[in-house]
Amino acid sequence: MAAQDSNTNKNVVVMAMDGSDTASRAFEWYRQHLHRQGNYIVFVHCPELHLNVHVLPPYSDLTQLEKEVQLASKRADEMVFDLTQMLHSYKMTGEVKVLLGKKPEEGILEAARDVEADVIVMGSRGFGTLRRTVLGSVSNYVLHHSDVPVVVCSAKHNV
């Protein structure tokens with residue numbers, strides 16, 4: 001717990017945010033149950049590109065790739081604005097990190113190491129066993145590979 005100030009009990013909290021209702025509910029749960037004045041919140045957003053490119057360059061149409069990157073960048077800018085406003089509205093200190101080109105699970109863990117987080121808070125979409133097996137689970141990966149405690153808020157949890 002290198003980032004914790006032993007005199008004031010302040011912690012660095014990494015909060016995974018993807019713009020989903022599940023992530024918003026996880027933030028609300030954190031705010032109501034774990035947040036302490038002075039904690040430093042690091043919102044982490046790892047936008048994913050949703051490309052449908054079937055042929056490798058030089059034959060593929062790179063304009064589609066360019067459009068997708070521009071759209072992801074625009075959404076990331078909006079996310080930064082919204083999350084910064086959220087910090088201000090709740091009078092919390094912190095920052096927003098956008099990690100383009102990273103898998104969400106890897107970006108969350110990287111950010112946690114970089115800021116010497118004391119805890120990671122994130123939502124879980126609540127996929128069934130088959131879907132989680134096929135698609136993987138970001139929260140499951142983070143839970144099993146993190147060096148710090150991880151709080152996973154269920155998709156079914158009502159704040």
# chains A, B, ... in the order shown; residues from 1 in each chain; ligands from 1
>>> residues_around(residues="Pro149 (chain A)", least_positions_apart="3", cutoff="12 Å", atoms="only C-alpha atoms", output="list of chain:residue names")
A:Met1, A:Val12, A:Val13, A:Val14, A:Leu109, A:Ala112, A:Ala117, A:Asp118, A:Val119, A:Ile120, A:Val121, A:Met122, A:Val142, A:Leu143, A:His144, A:His145, A:Ser146, A:Val152
>>> residues_around(residues="Pro104 (chain A)", least_positions_apart="6", cutoff="10 Å", atoms="only C-alpha atoms", output="VMD selection string")
chain A and resid 16 to 18 44 to 48 110 138 to 139 141 to 142
>>> atom_distance(atom1="CA of Phe81 (chain A)", atom2="CA of Gly19 (chain A)")
12.0 Å
>>> atom_distance(atom1="CA of Ser73 (chain A)", atom2="CA of Trp29 (chain A)")
28.3 Å
>>> select_by_dssp(residues="region 40-125 of chain A", states="strand (DSSP E)", output="PDB file with all heavy atoms, in the first residue's frame")
ATOM      1  N   TYR A  40      -8.052   9.277  -3.758  1.00  0.00           N
ATOM      2  CA  TYR A  40      -7.722   9.740  -5.102  1.00  0.00           C
ATOM      3  C   TYR A  40      -8.271   8.720  -6.081  1.00  0.00           C
ATOM      4  O   TYR A  40      -7.878   7.548  -6.072  1.00  0.00           O
ATOM      5  CB  TYR A  40      -6.201   9.882  -5.255  1.00  0.00           C
ATOM      6  CG  TYR A  40      -5.796  10.570  -6.528  1.00  0.00           C
ATOM      7  CD1 TYR A  40      -5.853  11.957  -6.629  1.00  0.00           C
ATOM      8  CD2 TYR A  40      -5.373   9.840  -7.630  1.00  0.00           C
ATOM      9  CE1 TYR A  40      -5.479  12.603  -7.804  1.00  0.00           C
ATOM     10  CE2 TYR A  40      -5.004  10.475  -8.806  1.00  0.00           C
ATOM     11  CZ  TYR A  40      -5.056  11.855  -8.885  1.00  0.00           C
ATOM     12  OH  TYR A  40      -4.691  12.493 -10.046  1.00  0.00           O
ATOM     13  N   ILE A  41      -9.222   9.149  -6.920  1.00  0.00           N
ATOM     14  CA  ILE A  41      -9.898   8.251  -7.855  1.00  0.00           C
ATOM     15  C   ILE A  41      -9.231   8.339  -9.225  1.00  0.00           C
ATOM     16  O   ILE A  41      -9.033   9.432  -9.757  1.00  0.00           O
ATOM     17  CB  ILE A  41     -11.378   8.648  -8.031  1.00  0.00           C
ATOM     18  CG1 ILE A  41     -12.068   8.883  -6.687  1.00  0.00           C
ATOM     19  CG2 ILE A  41     -12.122   7.621  -8.880  1.00  0.00           C
ATOM     20  CD1 ILE A  41     -12.021   7.727  -5.738  1.00  0.00           C
ATOM     21  N   VAL A  42      -8.898   7.181  -9.784  1.00  0.00           N
ATOM     22  CA  VAL A  42      -8.356   7.137 -11.137  1.00  0.00           C
ATOM     23  C   VAL A  42      -9.339   6.336 -11.987  1.00  0.00           C
ATOM     24  O   VAL A  42      -9.422   5.116 -11.880  1.00  0.00           O
ATOM     25  CB  VAL A  42      -6.957   6.486 -11.178  1.00  0.00           C
ATOM     26  CG1 VAL A  42      -6.431   6.454 -12.615  1.00  0.00           C
ATOM     27  CG2 VAL A  42      -5.986   7.215 -10.255  1.00  0.00           C
ATOM     28  N   PHE A  43     -10.132   7.063 -12.784  1.00  0.00           N
ATOM     29  CA  PHE A  43     -11.037   6.402 -13.721  1.00  0.00           C
ATOM     30  C   PHE A  43     -10.198   5.891 -14.883  1.00  0.00           C
ATOM     31  O   PHE A  43      -9.400   6.633 -15.447  1.00  0.00           O
ATOM     32  CB  PHE A  43     -12.081   7.377 -14.258  1.00  0.00           C
ATOM     33  CG  PHE A  43     -13.161   7.744 -13.280  1.00  0.00           C
ATOM     34  CD1 PHE A  43     -13.441   9.071 -13.000  1.00  0.00           C
ATOM     35  CD2 PHE A  43     -13.922   6.769 -12.656  1.00  0.00           C
ATOM     36  CE1 PHE A  43     -14.448   9.425 -12.127  1.00  0.00           C
ATOM     37  CE2 PHE A  43     -14.930   7.109 -11.770  1.00  0.00           C
ATOM     38  CZ  PHE A  43     -15.195   8.441 -11.508  1.00  0.00           C
ATOM     39  N   VAL A  44     -10.376   4.631 -15.244  1.00  0.00           N
ATOM     40  CA  VAL A  44      -9.644   4.031 -16.359  1.00  0.00           C
ATOM     41  C   VAL A  44     -10.646   3.620 -17.430  1.00  0.00           C
ATOM     42  O   VAL A  44     -11.607   2.890 -17.152  1.00  0.00           O
ATOM     43  CB  VAL A  44      -8.824   2.802 -15.905  1.00  0.00           C
ATOM     44  CG1 VAL A  44      -8.138   2.148 -17.088  1.00  0.00           C
ATOM     45  CG2 VAL A  44      -7.808   3.200 -14.842  1.00  0.00           C
ATOM     46  N   HIS A  45     -10.400   4.121 -18.638  1.00  0.00           N
ATOM     47  CA  HIS A  45     -11.262   3.793 -19.770  1.00  0.00           C
ATOM     48  C   HIS A  45     -10.388   3.263 -20.907  1.00  0.00           C
ATOM     49  O   HIS A  45      -9.432   3.914 -21.307  1.00  0.00           O
ATOM     50  CB  HIS A  45     -12.036   5.039 -20.226  1.00  0.00           C
ATOM     51  CG  HIS A  45     -12.905   4.807 -21.415  1.00  0.00           C
ATOM     52  ND1 HIS A  45     -13.911   3.860 -21.437  1.00  0.00           N
ATOM     53  CD2 HIS A  45     -12.924   5.392 -22.632  1.00  0.00           C
ATOM     54  CE1 HIS A  45     -14.510   3.883 -22.612  1.00  0.00           C
ATOM     55  NE2 HIS A  45     -13.924   4.800 -23.368  1.00  0.00           N
ATOM     56  N   THR A  93     -11.269  14.054  -5.686  1.00  0.00           N
ATOM     57  CA  THR A  93     -10.034  14.338  -6.416  1.00  0.00           C
ATOM     58  C   THR A  93      -9.660  13.119  -7.221  1.00  0.00           C
ATOM     59  O   THR A  93      -9.909  11.985  -6.805  1.00  0.00           O
ATOM     60  CB  THR A  93      -8.876  14.718  -5.465  1.00  0.00           C
ATOM     61  OG1 THR A  93      -8.676  13.652  -4.539  1.00  0.00           O
ATOM     62  CG2 THR A  93      -9.175  16.004  -4.721  1.00  0.00           C
ATOM     63  N   GLY A  94      -9.076  13.369  -8.398  1.00  0.00           N
ATOM     64  CA  GLY A  94      -8.685  12.241  -9.218  1.00  0.00           C
ATOM     65  C   GLY A  94      -8.371  12.656 -10.631  1.00  0.00           C
ATOM     66  O   GLY A  94      -8.168  13.837 -10.933  1.00  0.00           O
ATOM     67  N   GLU A  95      -8.344  11.661 -11.508  1.00  0.00           N
ATOM     68  CA  GLU A  95      -8.007  11.873 -12.907  1.00  0.00           C
ATOM     69  C   GLU A  95      -8.669  10.800 -13.752  1.00  0.00           C
ATOM     70  O   GLU A  95      -9.174   9.804 -13.229  1.00  0.00           O
ATOM     71  CB  GLU A  95      -6.490  11.834 -13.106  1.00  0.00           C
ATOM     72  CG  GLU A  95      -5.883  10.464 -12.789  1.00  0.00           C
ATOM     73  CD  GLU A  95      -4.374  10.444 -12.888  1.00  0.00           C
ATOM     74  OE1 GLU A  95      -3.870  10.399 -14.031  1.00  0.00           O
ATOM     75  OE2 GLU A  95      -3.716  10.461 -11.822  1.00  0.00           O
ATOM     76  N   VAL A  96      -8.635  11.022 -15.061  1.00  0.00           N
ATOM     77  CA  VAL A  96      -9.175  10.050 -16.003  1.00  0.00           C
ATOM     78  C   VAL A  96      -8.043   9.608 -16.922  1.00  0.00           C
ATOM     79  O   VAL A  96      -7.350  10.438 -17.495  1.00  0.00           O
ATOM     80  CB  VAL A  96     -10.319  10.658 -16.856  1.00  0.00           C
ATOM     81  CG1 VAL A  96     -10.872   9.628 -17.825  1.00  0.00           C
ATOM     82  CG2 VAL A  96     -11.417  11.229 -15.961  1.00  0.00           C
ATOM     83  N   LYS A  97      -7.847   8.303 -17.030  1.00  0.00           N
ATOM     84  CA  LYS A  97      -6.849   7.747 -17.934  1.00  0.00           C
ATOM     85  C   LYS A  97      -7.568   7.006 -19.052  1.00  0.00           C
ATOM     86  O   LYS A  97      -8.393   6.141 -18.783  1.00  0.00           O
ATOM     87  CB  LYS A  97      -5.926   6.767 -17.206  1.00  0.00           C
ATOM     88  CG  LYS A  97      -4.936   7.405 -16.268  1.00  0.00           C
ATOM     89  CD  LYS A  97      -3.994   6.336 -15.723  1.00  0.00           C
ATOM     90  CE  LYS A  97      -2.845   6.927 -14.972  1.00  0.00           C
ATOM     91  NZ  LYS A  97      -1.840   7.530 -15.814  1.00  0.00           N
ATOM     92  N   VAL A  98      -7.227   7.356 -20.276  1.00  0.00           N
ATOM     93  CA  VAL A  98      -7.753   6.647 -21.437  1.00  0.00           C
ATOM     94  C   VAL A  98      -6.592   5.886 -22.053  1.00  0.00           C
ATOM     95  O   VAL A  98      -5.552   6.468 -22.371  1.00  0.00           O
ATOM     96  CB  VAL A  98      -8.365   7.619 -22.466  1.00  0.00           C
ATOM     97  CG1 VAL A  98      -8.800   6.871 -23.720  1.00  0.00           C
ATOM     98  CG2 VAL A  98      -9.538   8.374 -21.854  1.00  0.00           C
ATOM     99  N   VAL A 119      -6.640  -0.288  -4.427  1.00  0.00           N
ATOM    100  CA  VAL A 119      -7.787  -1.139  -4.715  1.00  0.00           C
ATOM    101  C   VAL A 119      -8.288  -0.825  -6.129  1.00  0.00           C
ATOM    102  O   VAL A 119      -8.112   0.288  -6.620  1.00  0.00           O
ATOM    103  CB  VAL A 119      -8.919  -0.940  -3.665  1.00  0.00           C
ATOM    104  CG1 VAL A 119      -9.490   0.461  -3.724  1.00  0.00           C
ATOM    105  CG2 VAL A 119     -10.006  -1.989  -3.797  1.00  0.00           C
ATOM    106  N   ILE A 120      -8.889  -1.832  -6.759  1.00  0.00           N
ATOM    107  CA  ILE A 120      -9.550  -1.671  -8.051  1.00  0.00           C
ATOM    108  C   ILE A 120     -11.029  -1.949  -7.829  1.00  0.00           C
ATOM    109  O   ILE A 120     -11.388  -2.942  -7.186  1.00  0.00           O
ATOM    110  CB  ILE A 120      -8.991  -2.658  -9.105  1.00  0.00           C
ATOM    111  CG1 ILE A 120      -7.504  -2.413  -9.354  1.00  0.00           C
ATOM    112  CG2 ILE A 120      -9.795  -2.562 -10.412  1.00  0.00           C
ATOM    113  CD1 ILE A 120      -6.824  -3.493 -10.193  1.00  0.00           C
ATOM    114  N   VAL A 121     -11.882  -1.077  -8.361  1.00  0.00           N
ATOM    115  CA  VAL A 121     -13.331  -1.273  -8.273  1.00  0.00           C
ATOM    116  C   VAL A 121     -13.873  -1.342  -9.693  1.00  0.00           C
ATOM    117  O   VAL A 121     -13.534  -0.500 -10.531  1.00  0.00           O
ATOM    118  CB  VAL A 121     -14.010  -0.123  -7.500  1.00  0.00           C
ATOM    119  CG1 VAL A 121     -15.520  -0.327  -7.453  1.00  0.00           C
ATOM    120  CG2 VAL A 121     -13.439  -0.001  -6.088  1.00  0.00           C
ATOM    121  N   MET A 122     -14.699  -2.334  -9.950  1.00  0.00           N
ATOM    122  CA  MET A 122     -15.250  -2.490 -11.300  1.00  0.00           C
ATOM    123  C   MET A 122     -16.570  -3.230 -11.250  1.00  0.00           C
ATOM    124  O   MET A 122     -16.901  -3.869 -10.244  1.00  0.00           O
ATOM    125  CB  MET A 122     -14.248  -3.226 -12.199  1.00  0.00           C
ATOM    126  CG  MET A 122     -13.878  -4.604 -11.732  1.00  0.00           C
ATOM    127  SD  MET A 122     -12.480  -5.341 -12.629  1.00  0.00           S
ATOM    128  CE  MET A 122     -12.974  -5.157 -14.306  1.00  0.00           C
ATOM    129  N   GLY A 123     -17.299  -3.142 -12.334  1.00  0.00           N
ATOM    130  CA  GLY A 123     -18.552  -3.867 -12.453  1.00  0.00           C
ATOM    131  C   GLY A 123     -18.345  -5.180 -13.170  1.00  0.00           C
ATOM    132  O   GLY A 123     -17.337  -5.404 -13.827  1.00  0.00           O
TER     133      GLY A 123
END
>>> atom_distance(atom1="CA of Met15 (chain A)", atom2="CA of Phe27 (chain A)")
7.3 Å
>>> select_by_dssp(residues="region 17-124 of chain A", states="alpha helix (DSSP H)", output="PyMOL selection string")
chain A and resi 21-33+62-89+104-114
>>> residues_around(residues="Val69 (chain A)", least_positions_apart="3", cutoff="12 Å", atoms="only C-alpha atoms", output="list in words")
Pro47, Glu48, Leu49, His50, Leu51, Leu62, Thr63, Gln64, Leu65, Glu66, Ala72, Ser73, Lys74, Arg75, Ala76, Leu100 and Gly101 of chain A
>>> write_last_selection(atoms="all heavy atoms", output="CSV table (one decimal), in the first residue's frame")
chain,number,residue,atom,x,y,z
A,47,PRO,N,-11.0,2.2,-24.5
A,47,PRO,CA,-12.0,2.0,-25.6
A,47,PRO,C,-11.5,0.9,-26.6
A,47,PRO,O,-10.3,0.8,-26.8
A,47,PRO,CB,-11.9,3.4,-26.4
A,47,PRO,CG,-11.0,4.3,-25.6
A,47,PRO,CD,-10.3,3.5,-24.6
A,48,GLU,N,-12.5,0.1,-27.0
A,48,GLU,CA,-12.2,-0.9,-27.9
A,48,GLU,C,-12.7,-0.6,-29.3
A,48,GLU,O,-13.7,0.0,-29.5
A,48,GLU,CB,-12.9,-2.2,-27.5
A,48,GLU,CG,-12.4,-2.8,-26.2
A,48,GLU,CD,-13.1,-4.0,-25.8
A,48,GLU,OE1,-14.2,-4.0,-25.2
A,48,GLU,OE2,-12.6,-5.1,-26.2
A,49,LEU,N,-11.8,-0.9,-30.3
A,49,LEU,CA,-12.2,-0.7,-31.7
A,49,LEU,C,-13.0,-1.9,-32.2
A,49,LEU,O,-12.6,-3.0,-31.9
A,49,LEU,CB,-11.0,-0.5,-32.6
A,49,LEU,CG,-10.1,0.7,-32.3
A,49,LEU,CD1,-8.9,0.7,-33.2
A,49,LEU,CD2,-10.9,2.0,-32.5
A,50,HIS,N,-14.1,-1.6,-32.8
A,50,HIS,CA,-15.0,-2.7,-33.3
A,50,HIS,C,-14.9,-2.7,-34.8
A,50,HIS,O,-15.7,-2.1,-35.5
A,50,HIS,CB,-16.4,-2.5,-32.9
A,50,HIS,CG,-16.6,-2.4,-31.4
A,50,HIS,ND1,-16.5,-3.6,-30.6
A,50,HIS,CD2,-16.7,-1.4,-30.5
A,50,HIS,CE1,-16.6,-3.2,-29.3
A,50,HIS,NE2,-16.8,-1.9,-29.3
A,51,LEU,N,-13.8,-3.4,-35.3
A,51,LEU,CA,-13.5,-3.4,-36.7
A,51,LEU,C,-14.1,-4.7,-37.4
A,51,LEU,O,-14.1,-5.7,-36.8
A,51,LEU,CB,-12.0,-3.3,-36.9
A,51,LEU,CG,-11.4,-2.1,-36.4
A,51,LEU,CD1,-9.9,-2.2,-36.6
A,51,LEU,CD2,-11.9,-0.9,-37.1
A,62,LEU,N,-8.9,1.2,-45.9
A,62,LEU,CA,-8.5,1.9,-44.7
A,62,LEU,C,-9.3,3.0,-44.3
A,62,LEU,O,-9.2,3.5,-43.1
A,62,LEU,CB,-7.0,2.3,-44.9
A,62,LEU,CG,-6.0,1.2,-45.1
A,62,LEU,CD1,-4.6,1.8,-45.3
A,62,LEU,CD2,-6.0,0.2,-43.9
A,63,THR,N,-10.2,3.5,-45.1
A,63,THR,CA,-11.1,4.6,-44.7
A,63,THR,C,-12.0,4.1,-43.5
A,63,THR,O,-12.4,4.8,-42.6
A,63,THR,CB,-12.0,5.1,-45.8
A,63,THR,OG1,-12.7,4.1,-46.4
A,63,THR,CG2,-11.1,5.8,-46.9
A,64,GLN,N,-12.4,2.8,-43.5
A,64,GLN,CA,-13.3,2.3,-42.5
A,64,GLN,C,-12.5,2.2,-41.2
A,64,GLN,O,-13.0,2.6,-40.1
A,64,GLN,CB,-13.8,0.9,-42.8
A,64,GLN,CG,-14.6,0.3,-41.7
A,64,GLN,CD,-15.9,1.1,-41.5
A,64,GLN,OE1,-16.5,1.7,-42.4
A,64,GLN,NE2,-16.3,1.1,-40.2
A,65,LEU,N,-11.2,1.9,-41.2
A,65,LEU,CA,-10.3,1.9,-40.0
A,65,LEU,C,-10.2,3.3,-39.5
A,65,LEU,O,-10.3,3.5,-38.3
A,65,LEU,CB,-9.0,1.3,-40.4
A,65,LEU,CG,-7.9,1.3,-39.3
A,65,LEU,CD1,-8.3,0.5,-38.1
A,65,LEU,CD2,-6.6,0.8,-39.8
A,66,GLU,N,-10.0,4.2,-40.4
A,66,GLU,CA,-9.8,5.6,-40.0
A,66,GLU,C,-11.1,6.1,-39.3
A,66,GLU,O,-11.0,6.8,-38.3
A,66,GLU,CB,-9.5,6.5,-41.2
A,66,GLU,CG,-9.2,7.9,-40.8
A,66,GLU,CD,-8.8,8.7,-42.1
A,66,GLU,OE1,-7.8,8.3,-42.8
A,66,GLU,OE2,-9.5,9.7,-42.3
A,72,ALA,N,-13.9,6.2,-32.0
A,72,ALA,CA,-13.4,5.8,-30.7
A,72,ALA,C,-12.7,7.0,-30.0
A,72,ALA,O,-12.9,7.2,-28.8
A,72,ALA,CB,-12.4,4.7,-30.8
A,73,SER,N,-12.0,7.8,-30.7
A,73,SER,CA,-11.4,9.0,-30.1
A,73,SER,C,-12.4,10.0,-29.6
A,73,SER,O,-12.3,10.5,-28.5
A,73,SER,CB,-10.4,9.6,-31.1
A,73,SER,OG,-9.8,10.8,-30.6
A,74,LYS,N,-13.5,10.2,-30.4
A,74,LYS,CA,-14.5,11.1,-30.0
A,74,LYS,C,-15.3,10.6,-28.8
A,74,LYS,O,-15.5,11.3,-27.9
A,74,LYS,CB,-15.5,11.3,-31.2
A,74,LYS,CG,-16.6,12.2,-30.9
A,74,LYS,CD,-17.6,12.4,-32.1
A,74,LYS,CE,-18.6,13.4,-31.9
A,74,LYS,NZ,-19.9,12.9,-31.6
A,75,ARG,N,-15.6,9.3,-28.8
A,75,ARG,CA,-16.2,8.7,-27.6
A,75,ARG,C,-15.3,8.8,-26.4
A,75,ARG,O,-15.8,9.1,-25.3
A,75,ARG,CB,-16.6,7.2,-27.9
A,75,ARG,CG,-17.8,7.1,-28.8
A,75,ARG,CD,-18.3,5.7,-28.8
A,75,ARG,NE,-17.3,4.8,-29.3
A,75,ARG,CZ,-17.4,4.0,-30.4
A,75,ARG,NH1,-18.5,4.0,-31.1
A,75,ARG,NH2,-16.4,3.2,-30.8
A,76,ALA,N,-14.0,8.6,-26.5
A,76,ALA,CA,-13.1,8.7,-25.4
A,76,ALA,C,-13.1,10.1,-24.9
A,76,ALA,O,-13.1,10.3,-23.7
A,76,ALA,CB,-11.7,8.3,-25.8
A,100,LEU,N,-5.9,3.8,-25.1
A,100,LEU,CA,-6.3,3.3,-26.5
A,100,LEU,C,-5.4,2.2,-26.9
A,100,LEU,O,-4.2,2.2,-26.6
A,100,LEU,CB,-6.2,4.5,-27.5
A,100,LEU,CG,-7.5,5.1,-27.9
A,100,LEU,CD1,-7.2,6.4,-28.7
A,100,LEU,CD2,-8.4,4.2,-28.6
A,101,GLY,N,-6.0,1.2,-27.5
A,101,GLY,CA,-5.2,0.1,-28.0
A,101,GLY,C,-4.9,-1.0,-27.0
A,101,GLY,O,-4.1,-1.9,-27.3
>>> residues_around(residues="Lys91 (chain A)", least_positions_apart="5", cutoff="10 Å", atoms="only C-alpha atoms", output="JSON, numbers by chain")
{"A": [37, 38, 85, 86]}
>>> closest_residue(among="A:Arg36, A:Val150, A:Thr84, A:Ser124", to="Ser20 (chain A)", atoms="only C-alpha atoms")
A:Ser124
